[in-house]
Structure formats: C-alpha cells, structure tokens
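Participant: Quick one: this structure, given as structure tokens, is what I'll be asking you about.
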Amino acid sequence: MTDVLKIENLHVAVEGKPILKGVNLTIKRGEIHALMGPNGSGKSTLGFAIMGHPNYEITAGSIHLNDQDVLEMAVDERARAGLFLALQRPVSIPGVRLADFLRHATTNVRNPDRKEGEELIPMREFRKEIKDKMNHLSMDMEFARRYVNDGFSGGEMKRAEILQLAMLQPKFAILDETDSGLDADAVRLASQSIADIGGENMGLLIITHHDKLLEHNPPQFAHVMLGGKIVETGTVKLAQELHTDGYDRIRKAYPEAAAAELEMNEEEVSPAV
Amino acid sequence: MATDITSESIESPLGEINKYDFRTETKAVFKARKGVDKEIVNQISDIKDEPDWMRKFRLDALEVFESKPTPTWGGDIALDFQDIFYYLKPTEEQGKTWDDVPKEIKDTFEKLGIPEAERKYLSGVKAQFESEVVYGSLEEDLAKKGVIFTDTDTAVREHPELLREYFGKIIPPDDNKFAALNSAVWSGGSFIYVPKGVHIEFPLQAYFRINAESMGQFERTLIICDEGSQIHYVEGCTAPMYTTESLHSAVVEVICKKGSRCRYSTIQNWANNIYNLVTKRAMAYQDATMEWVDGNLGSHLTMKYPAVYLMEPGARGEILSIAFSSKGQHQDTGAKLVHCAPNTSGQIISKSISKGGGRSSYRGLVKVDAGAKNTRCNVVCDALILDPESRSDTYPYIEIAEPDVSIGHEASVSRIGEEQMFYLMSRGLSETEASTMIVNGFIEPLVKELPMEYAVELNRLIQLQMEGSVG
C-alpha cells in the first residue's frame, strides 16, 4: 500500500495569531507537489506544523501519516516515522561535526525503536555510505568534519540539507525554499540531486518561488497558498504561470484570501517566522 | 586518525549507572577522631614521624586557619569543621605493585580504570585513598633520567632540601583559610621533579579517592619543572555519595623554570556532598609556559581559581576551565593571571554549563603590575544555561597598573536554543541526545585539547550529567 500523508482542515497559530486557516493537502509517496504563494502566506508555517515545531500551535484539524496521528508524535518520532523538513534557514550547532550528527540521525531514523545509548551504525559502514553520497553530490569529504552549519555559506547550508535528505531517505520531505540563496548552477545541481534522491521513493512538497528547482522535479500538483489557505491547485503549468506572471490573477480570483493576506501582513511587524 | 570523519568520543553508552558511586568496605589502619585542633595536628605529624620544621609549619598554619573567618564571597560554605575526619590511614605501606595493595582498595581502583590506564598510556601513577597514597609507580627510564615522582610525605623524608626550597612558598599558609587548613593537616599528594631538559612524553597521573563518610582529604602537590623540561600531569578525583558533607581541600604548587612547559589537567567528578575548596598556583619564569586544564563536574560547592604568576619576560599562562553544575551544585570557578614582568602573555577560556537548577559562576582576575610592559592577555567566558531554573554569573576582576598592555575580555551567555533542539530532533535525535550533543559541541574547543582518553572520559561524564533530566 502506498504511504499517504494527509492534512485536513489544518489551523495553525503562532503566538496566538492565526496563520493557517484550514489547509487540506494529501500527498502520496512518489508524488511531487509544488507549494507556491506570496511571502507571508503561510507556506513555511505548514512545514513547521507538519514537523512539530513547538512554537506552532495546532488549533484545529489533523495530520495523518497513513493511520498514524502525526499530531500526537514528538518531533523526533515524526522524523523516525519518515518525515523530513529541509529548513530555509538551518541552525548552526557549533562544536558538533556534521558527520557525528548524521551518524546519530541516520541510526535513529533507520532503527526507530533505538534507545539512547544503543549501538550506532558501525563506523566503517557509515563512512562508506556518506562518502558515496557526498561524492554523488560533488561534496568534499572535508565538509563532513565541519561543525553543523557553523560558518557555512547559504549554498553550503542548502547542500548540507540535501545531504541529510540523501542519508535519511524519508518517506515524505518538505523542502522549504531549498533553492534560495543559490546561484543558477547550484540550483540546477540541487534540482538534479533532489530528483536522484527522491524519485518514486519519496513524497515531495517543494516550497519555492522559482521554477528552476522544479526543472528536474516536475510536480504532478502545484498549489497556491494565499492568506493561510490553499486557494487553487493545478498542474506544472500553474507553477510556470505563477513564476512568470506573479499572483495578481490569484488575488483577484480569491478576494477573501487576498483580504486575509493583507490583514496578516499589516499585523506583521517582524519578518515571517 | 586522518581518515576518520566522525570522532568516536560520543559513542560511549548513555545508559549506564554512575560507576563512581560505590563504597568500599575497608579497615583503616588508623583513623583520627573527628575535628581539627592542636592534638589532631600533632597526631598526624607523629604518625608521619616528621621533622620539627614540618610540625611547626603545621601548627603555625593551624593558628592561621583558626584566626581567619570563613569567606563570605563565592559559595555558601555551610560546613561544620569539627564534624569531619581529618586523617585516615588506609594501609600500612604504599604498594610498589598493585598486588601489594589490599584487595578491596585495589578493586576500587580497578573499577575506576586506573591500572588499565597505567598500562595503556601513562608514564606513572599515584593512587591516593583517603589520606594516603596507597600505590605509586614511575617508568624506570624516567627514574634513571632523574625524574622524581613520589608522594609528598615520602619527599619530606627523601628529598628534604629540594622540597623545602619551594614547599609553601608559592602558596603560603596565610594565603587563604583553606590553604591554611591544608597546610595544617595535609597528607599525601604528589611531589614531582623534572630535571633540566627532560621531556616526559606520556602523562603522569594521580587519582584521589575519598571513600569514608564525613571525610576530609587534604593532599598537597608540588611540581618543580627545571629549565627546559616538559610534563603533562593529570589528576582525577571521585567519591561515593553520602548524606553528610565531606571536604576536599588541596593545595597545588607548580614552579616552571626558564623555558619549561607544564600542563596540569584535572577531571574531577565529585559526589554532590563534597565541598571542594582548592588552591592551585603556578609561577612561570622566563619563556616558560604553564597551562591549567580544569574540568569541574560534581561536588556541592567548588571554589577553585587556578593561577599563573608570570614572573619573567616571555612567560605564558593559559587556563582552560570547564564547569558543569547540576541540581544542588554550585561551581564557583575561574582563573587568575598575574603579569609581574614585561612581555608576558596569557589566556583564560572558561566554559560553563548550568542545568537542573545548578549554578555556575566564573570568577577571574587579570592583574598587570606597573612596569609589565607589552603584556598581552585575552579572556573568553562562555556560559550555557539549559533551563530557566539554572543560573550563571560572571565576576571578572581586572587590575591594571601599566598603560602599555593589550587586554581583551569577551563574555557570552546563551540558552540552549529552541531552534537548535527542534533542528536536531527533526532529524531523529531524542531530546536527551540533542541536548547532550549541543553541550558537547559547546565544550568541544576545550575537549579537543585533551589527550584522547581524557576527552572520552569527559564526554562520558557529561553524558551522565545530561541523562534523563532535560525538559
């Protein structure tokens, strides 16, 4: 049976302020979905809510991975169940080597019942695997010795996220602007890498403003988010249209959502979380 | 290790019980009654059959101890000095092989991994149990080169001239109340002399074990590095947990002569009922380097500020301090650098972690005497606080009487970020694994300065502290 990630009527608030106002989305493993929409429409919020960030309060609705209630799961349990969120701005962890971190993460995701202190993947095996993956991503081995995201350039951070995606092999991955901060060549490489890693084994939700990342990952579904709701779903053509023409047509077609967007952005003093 | 891309150091199991918290049933050869006074001090001196000068040194120090008030700064010292045993002789003789050591005491050190470490990577060992050193060894070729590594009591008998030249000179009994107490009742500790030009490749290690309840341990260590010599000395300290207080109050004096280099590393993991009030000071002469690496875990209260006096041009002092305070613990630790001569340099790096209501305080002094021109000194203090109940304070003191100096001071306090925890957990790490990883990362710049074996030990101790108590 194909794995299914099902989001129904999801309402999410941050610091008491409603951001998502009833999102419905079903992703099957092997499908590619593009999620587009203007800044502040709630795209990243959806990613954080699926992964369980403590600042994102679910006020209504549900998320299921097959018959498992995702909202009942702790953040690490969601990862072990096969969910992955590539962050737009990954956090640095000074003093922790990327390889050490990934060896723990990979072990836990592959042995979801592993208790703290139990054996990690044997060093030799892990080293061989990460070497292969890094070669494939044209990454230097020295990279794995560096501290997680510490002093990384924007491009290095995104590549580190893709390496983690490759190692952890989740069932479903949400890629939150994995193309931002990359030059054209780097986006092409990222796009190709994601296609290689994902394929039929992964359900992908790609949050992006551009169409480049979709080049090697043509979405079967493109969704537009506005004012905390998915207002329109189409094919890859919709993604191309939005990339070329922007969101004016969408705003006109969905005046209620556009009004909600305006209201949300007026209240917003700090940048989008 | 060039092909290694992950360090093995975080591999050790998280789940095991605290291997340090066990009691050994022993029969003491002699145990003085509780309390400290002239009678007790005389008794200690009698048992050790000491020369008159040492007896006088002790009795004078006792007067100083009695005349000085208990410090009111630092931590809260709620100790009844008369409710502690000041001297306990565990064995008749010091063993030259582990088989000479009574079985239960030998087993104690086996459990602590000392004989194994000795076989693998040490040049010599001293193991102190309560008040006396019960086992000692030194590699033969080092002894042939003239290296002396003995307990301090033996040194009083066998190397009286060398010892007397420095004993109590770096830290005189009237330096502070606890230096005075140690001077009055001291017993055991290491005496080391490294001859001119001798480099000791592998560390010498001393291990201090308190076993009895309400015990006081007062070892006294003196290290003399002659010109151009090099040594790395390591000490470890543990004790089992009791409900009553115990006291550990050591004095450590180090002399680094011209061009010599001494690194003194401490990894202590005291039980939560120990008051750990220690005075450590080194004097570094021309072009000599003194390094203190001070890892403080456990204890109820630790007050310790390893010092380097930079006595002549070219001298350098480095102090790396790690403190980890958990529930019911206060680490009041730091460093002192005193620049007494021109062209001297120093560095203090302090990293503290507070968790579960623990309190870590950095207390440090940088002093530059008039005329100590072209002095350079840098101080970095970073504190990591794991939860809202815990506390961190910084007390930096800077006294500069010379304009031609360069002194830097940086301090940071951070809390384990929600974003860091979310990031690590979103990749499958449990809450404890994630916070342990962040803490290990925080102290990594210091841990990587330690030899592999000690780095592993320190990481393991931190994992024990982190276990199951986050959130």
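So you can find residues: chains in the structure tokens are A, B, ... in the order shown, residues in each start at 1, and ligands are numbered from 1 in order.
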Show me, as a PyMOL selection string, the residues of chain A whose atoms get within 6 Å of chain B, using only C-alpha atoms for the distance check.

Facilitator: chain A and resi 75-76+79-80+94-96+99-100+105+108-109+117+145

Participant: Would you export the selected residues with C-alpha atoms as a PDB file, in the first residue's frame, please?

Facilitator:
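Contents of again19.pdb, as written:
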ATOM      1  CA  VAL A  75       9.390  15.902  16.801  1.00  0.00           C
ATOM      2  CA  ASP A  76      11.924  13.062  16.783  1.00  0.00           C
ATOM      3  CA  ALA A  79      11.469  12.060  11.893  1.00  0.00           C
ATOM      4  CA  ARG A  80      11.680   8.377  12.748  1.00  0.00           C
ATOM      5  CA  PRO A  94      28.908  24.865  16.995  1.00  0.00           C
ATOM      6  CA  GLY A  95      31.308  22.115  18.013  1.00  0.00           C
ATOM      7  CA  VAL A  96      29.196  19.302  16.568  1.00  0.00           C
ATOM      8  CA  ALA A  99      29.265  13.505  10.347  1.00  0.00           C
ATOM      9  CA  ASP A 100      28.742  12.796  14.077  1.00  0.00           C
ATOM     10  CA  ALA A 105      20.345  10.847  12.970  1.00  0.00           C
ATOM     11  CA  ASN A 108      17.736   6.628  14.753  1.00  0.00           C
ATOM     12  CA  VAL A 109      15.746   7.035  11.580  1.00  0.00           C
ATOM     13  CA  GLY A 117      22.992   4.615  24.258  1.00  0.00           C
ATOM     14  CA  ARG A 145      34.178  17.228   9.506  1.00  0.00           C
TER      15      ARG A 145
END

Participant: Got a sec: who's within 7 Å of Pro218 in chain A, counting only C-alpha atoms, leaving out chain neighbours fewer than 3 positions off, as a list in words?

Facilitator: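 In the requested format, the answer is Leu214, Glu215 and Val236 of chain A.
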
Participant: Suppose you want the space between CA of Ala86 in chain A and CA of Ser412 in chain B; what is it in Å?

Facilitator: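 Interatomic distance here is 29.4 Å.
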
Participant: Identify all residues of range 20-95 of chain A in alpha helix (DSSP H) (DSSP on the backbone) and supply them as a list of chain:residue names.

Facilitator: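 Filtering range 20-95 of chain A to alpha helix (DSSP H) leaves A:Lys43, A:Ser44, A:Thr45, A:Leu46, A:Gly47, A:Phe48, A:Ala49, A:Ile50, A:Met51, A:Val75, A:Asp76, A:Glu77, A:Arg78, A:Ala79, A:Arg80, A:Ala81.
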
Participant: Extract, using only C-alpha atoms, all DNA, RNA and protein residues at most 8 Å from range 12-15 of chain A, discarding same-chain residues fewer than 3 positions from it, and format them as a PyMOL selection string.

Facilitator: chain A and resi 18-21+45+49+55-60

Participant: Please provide as a list in words all residues within 9 Å of range 245-254 of chain A, with the sequence filter that same-chain residues fewer than 6 positions apart are discarded (counting only C-alpha atoms).

Facilitator: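 Surrounding residues, per the criterion: Gly37, Pro38, Val224, Leu226, Val231 and Glu232 of chain A.
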
Participant: One decimal, in Å: what's the spacing between CA of Pro451 in chain B and CA of Ser352 in chain B?

Facilitator: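 Pair CA of Pro451 in chain B / CA of Ser352 in chain B returns 20.5 Å.
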
Participant: If we count only C-alpha atoms and set the cut-off at 9 Å, which residues sit around range 177-188 of chain A, ignoring sequence neighbours fewer than 6 positions away in its own chain? Please answer as a list in words.

Facilitator: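 Those residues are Ser44, Ala86, Leu87, Gln88, Ser153, Gly154, Gly155, Lys158, Arg159, Glu161, Ile162, Ile206, Ile207, Thr208, His209, His210, Lys212, Leu213, Glu215 and His216 of chain A.
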
Participant: Show which residues sit within 9 Å of Ile7 in chain A, as a list in words. Count only C-alpha atoms, and ignore same-chain residues fewer than 5 positions away.

Facilitator: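 My reading of the contact set: Val23, Asn24, Leu25, Thr26, Ile27, Ile50, Gly61, Ser62, Ile63, His64 and Leu65 of chain A.
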
Participant: For the selection you just gave me, I'd like the residues written to a file as a CSV table (one decimal), in the first residue's frame, keeping N, CA and C atoms.

Facilitator:
chain,number,residue,atom,x,y,z
A,23,VAL,N,-6.1,24.2,6.0
A,23,VAL,CA,-5.4,23.7,4.9
A,23,VAL,C,-5.7,22.2,4.7
A,24,ASN,N,-6.0,21.8,3.4
A,24,ASN,CA,-6.2,20.5,3.0
A,24,ASN,C,-5.2,20.1,2.0
A,25,LEU,N,-4.5,18.9,2.2
A,25,LEU,CA,-3.5,18.5,1.3
A,25,LEU,C,-3.2,17.1,1.5
A,26,THR,N,-3.2,16.3,0.4
A,26,THR,CA,-2.9,14.9,0.5
A,26,THR,C,-1.8,14.6,-0.4
A,27,ILE,N,-0.7,14.0,0.1
A,27,ILE,CA,0.5,13.7,-0.7
A,27,ILE,C,0.7,12.1,-0.6
A,50,ILE,N,3.8,20.5,10.3
A,50,ILE,CA,3.9,19.1,10.0
A,50,ILE,C,5.0,18.5,10.8
A,61,GLY,N,-8.0,20.7,13.2
A,61,GLY,CA,-7.6,19.9,12.0
A,61,GLY,C,-6.7,18.8,12.4
A,62,SER,N,-6.2,18.1,11.4
A,62,SER,CA,-5.4,16.8,11.7
A,62,SER,C,-4.3,16.6,10.6
A,63,ILE,N,-3.3,15.9,11.0
A,63,ILE,CA,-2.3,15.4,10.1
A,63,ILE,C,-2.1,13.9,10.3
A,64,HIS,N,-2.3,13.1,9.3
A,64,HIS,CA,-2.1,11.7,9.4
A,64,HIS,C,-1.0,11.2,8.5
A,65,LEU,N,-0.2,10.3,9.0
A,65,LEU,CA,0.7,9.5,8.1
A,65,LEU,C,0.2,8.1,8.1

Participant: Excluding Glu245 in chain B and residues on its chain fewer than 3 positions from it, collect all residues at most 9 Å away from it, counting only C-alpha atoms, and give them as a PyMOL selection string.

Facilitator: chain B and resi 79-80+83-84+213-215+242+272-275+300

Participant: Kindly save the residues from that selection, with N, CA and C atoms included, as an mmCIF file, in the first residue's frame.

Facilitator:
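Contents of selection-v3.cif, freshly written:
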data_model
loop_
_atom_site.group_PDB
_atom_site.id
_atom_site.type_symbol
_atom_site.label_atom_id
_atom_site.label_comp_id
_atom_site.auth_asym_id
_atom_site.auth_seq_id
_atom_site.Cartn_x
_atom_site.Cartn_y
_atom_site.Cartn_z
ATOM 1 N N LEU B 79 29.642 24.472 56.470
ATOM 2 C CA LEU B 79 30.374 23.281 56.905
ATOM 3 C C LEU B 79 30.678 23.400 58.386
ATOM 4 N N ASP B 80 30.502 22.299 59.123
ATOM 5 C CA ASP B 80 30.970 22.274 60.500
ATOM 6 C C ASP B 80 32.347 21.628 60.503
ATOM 7 N N ASP B 83 33.086 18.520 62.480
ATOM 8 C CA ASP B 83 32.293 17.312 62.230
ATOM 9 C C ASP B 83 32.874 16.499 61.063
ATOM 10 N N ILE B 84 34.167 16.618 60.876
ATOM 11 C CA ILE B 84 34.830 15.949 59.748
ATOM 12 C C ILE B 84 36.042 15.183 60.266
ATOM 13 N N GLU B 213 32.720 8.218 54.996
ATOM 14 C CA GLU B 213 31.745 9.281 55.216
ATOM 15 C C GLU B 213 32.354 10.399 56.059
ATOM 16 N N SER B 214 31.907 11.622 55.814
ATOM 17 C CA SER B 214 32.367 12.804 56.567
ATOM 18 C C SER B 214 33.883 12.929 56.571
ATOM 19 N N MET B 215 34.473 12.601 55.443
ATOM 20 C CA MET B 215 35.935 12.549 55.360
ATOM 21 C C MET B 215 36.462 13.870 54.811
ATOM 22 N N TYR B 242 27.231 10.383 49.966
ATOM 23 C CA TYR B 242 26.707 10.213 51.328
ATOM 24 C C TYR B 242 25.756 11.361 51.620
ATOM 25 N N ASN B 272 27.823 14.756 45.132
ATOM 26 C CA ASN B 272 27.133 16.017 45.434
ATOM 27 C C ASN B 272 27.238 16.483 46.878
ATOM 28 N N ASN B 273 27.901 15.702 47.735
ATOM 29 C CA ASN B 273 28.008 16.108 49.132
ATOM 30 C C ASN B 273 29.398 16.652 49.457
ATOM 31 N N ILE B 274 30.214 16.883 48.434
ATOM 32 C CA ILE B 274 31.600 17.293 48.671
ATOM 33 C C ILE B 274 31.750 18.811 48.535
ATOM 34 N N TYR B 275 32.374 19.397 49.542
ATOM 35 C CA TYR B 275 32.850 20.772 49.404
ATOM 36 C C TYR B 275 34.262 20.692 48.854
ATOM 37 N N HIS B 300 29.182 19.614 45.819
ATOM 38 C CA HIS B 300 28.111 20.506 46.260
ATOM 39 C C HIS B 300 28.522 21.951 45.973
#

Participant: Would you please give, as a ChimeraX atom specification, all residues of range 74-237 of chain B that DSSP assigns to strand (DSSP E) based on the backbone?

Facilitator: /B:88-89,124-129,132-138,148-151,190-194,204-209,216-217,220-225,230-237

Participant: For the selection you just gave me, I'd like the residues written to a file as a compact mmCIF listing (two decimals), in the first residue's frame, keeping C-alpha atoms.

Facilitator:
# COMPACT_ATOMS: atom_id res chain seq x y z
CA LEU B 88 42.54 8.29 57.89
CA LYS B 89 45.42 5.97 57.16
CA GLY B 124 53.50 6.90 36.13
CA VAL B 125 50.66 6.78 38.63
CA LYS B 126 49.89 7.74 42.21
CA ALA B 127 46.67 6.46 43.74
CA GLN B 128 45.52 8.10 46.94
CA PHE B 129 42.80 6.52 49.09
CA GLU B 132 47.49 8.37 52.00
CA VAL B 133 48.93 7.33 48.67
CA VAL B 134 48.46 3.56 48.54
CA TYR B 135 50.15 2.85 45.24
CA GLY B 136 52.86 4.52 43.19
CA SER B 137 54.75 3.79 40.01
CA LEU B 138 57.10 5.52 37.61
CA ILE B 148 61.19 12.20 40.86
CA PHE B 149 57.52 11.22 41.18
CA THR B 150 56.62 10.33 44.71
CA ASP B 151 54.03 11.16 47.31
CA SER B 190 52.31 14.25 44.52
CA PHE B 191 55.84 15.55 44.55
CA ILE B 192 57.39 15.82 41.10
CA TYR B 193 60.77 17.00 39.95
CA VAL B 194 61.56 17.06 36.23
CA LEU B 204 51.87 11.25 34.95
CA GLN B 205 48.59 10.76 36.73
CA ALA B 206 47.34 10.97 40.28
CA TYR B 207 43.94 9.72 41.32
CA PHE B 208 42.29 10.87 44.54
CA ARG B 209 39.53 8.77 46.01
CA GLY B 216 38.36 15.34 54.68
CA GLN B 217 41.03 14.88 52.03
CA ARG B 220 49.41 18.59 48.84
CA THR B 221 51.11 18.64 45.47
CA LEU B 222 54.35 20.28 44.45
CA ILE B 223 55.69 20.15 40.89
CA ILE B 224 59.10 21.52 40.01
CA CYS B 225 59.91 21.79 36.30
CA GLN B 230 58.21 19.30 29.87
CA ILE B 231 55.48 17.44 31.69
CA HIS B 232 51.78 16.72 31.49
CA TYR B 233 50.28 15.88 34.86
CA VAL B 234 46.72 14.67 35.20
CA GLU B 235 44.58 14.31 38.27
CA GLY B 236 41.22 12.65 38.70
CA CYS B 237 39.01 12.78 41.77

Participant: How many Å lie between CA of Ala173 in chain A and CA of Lys43 in chain A, rounded to one decimal?

Facilitator: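 For CA of Ala173 in chain A relative to CA of Lys43 in chain A, the distance reads 14.0 Å.
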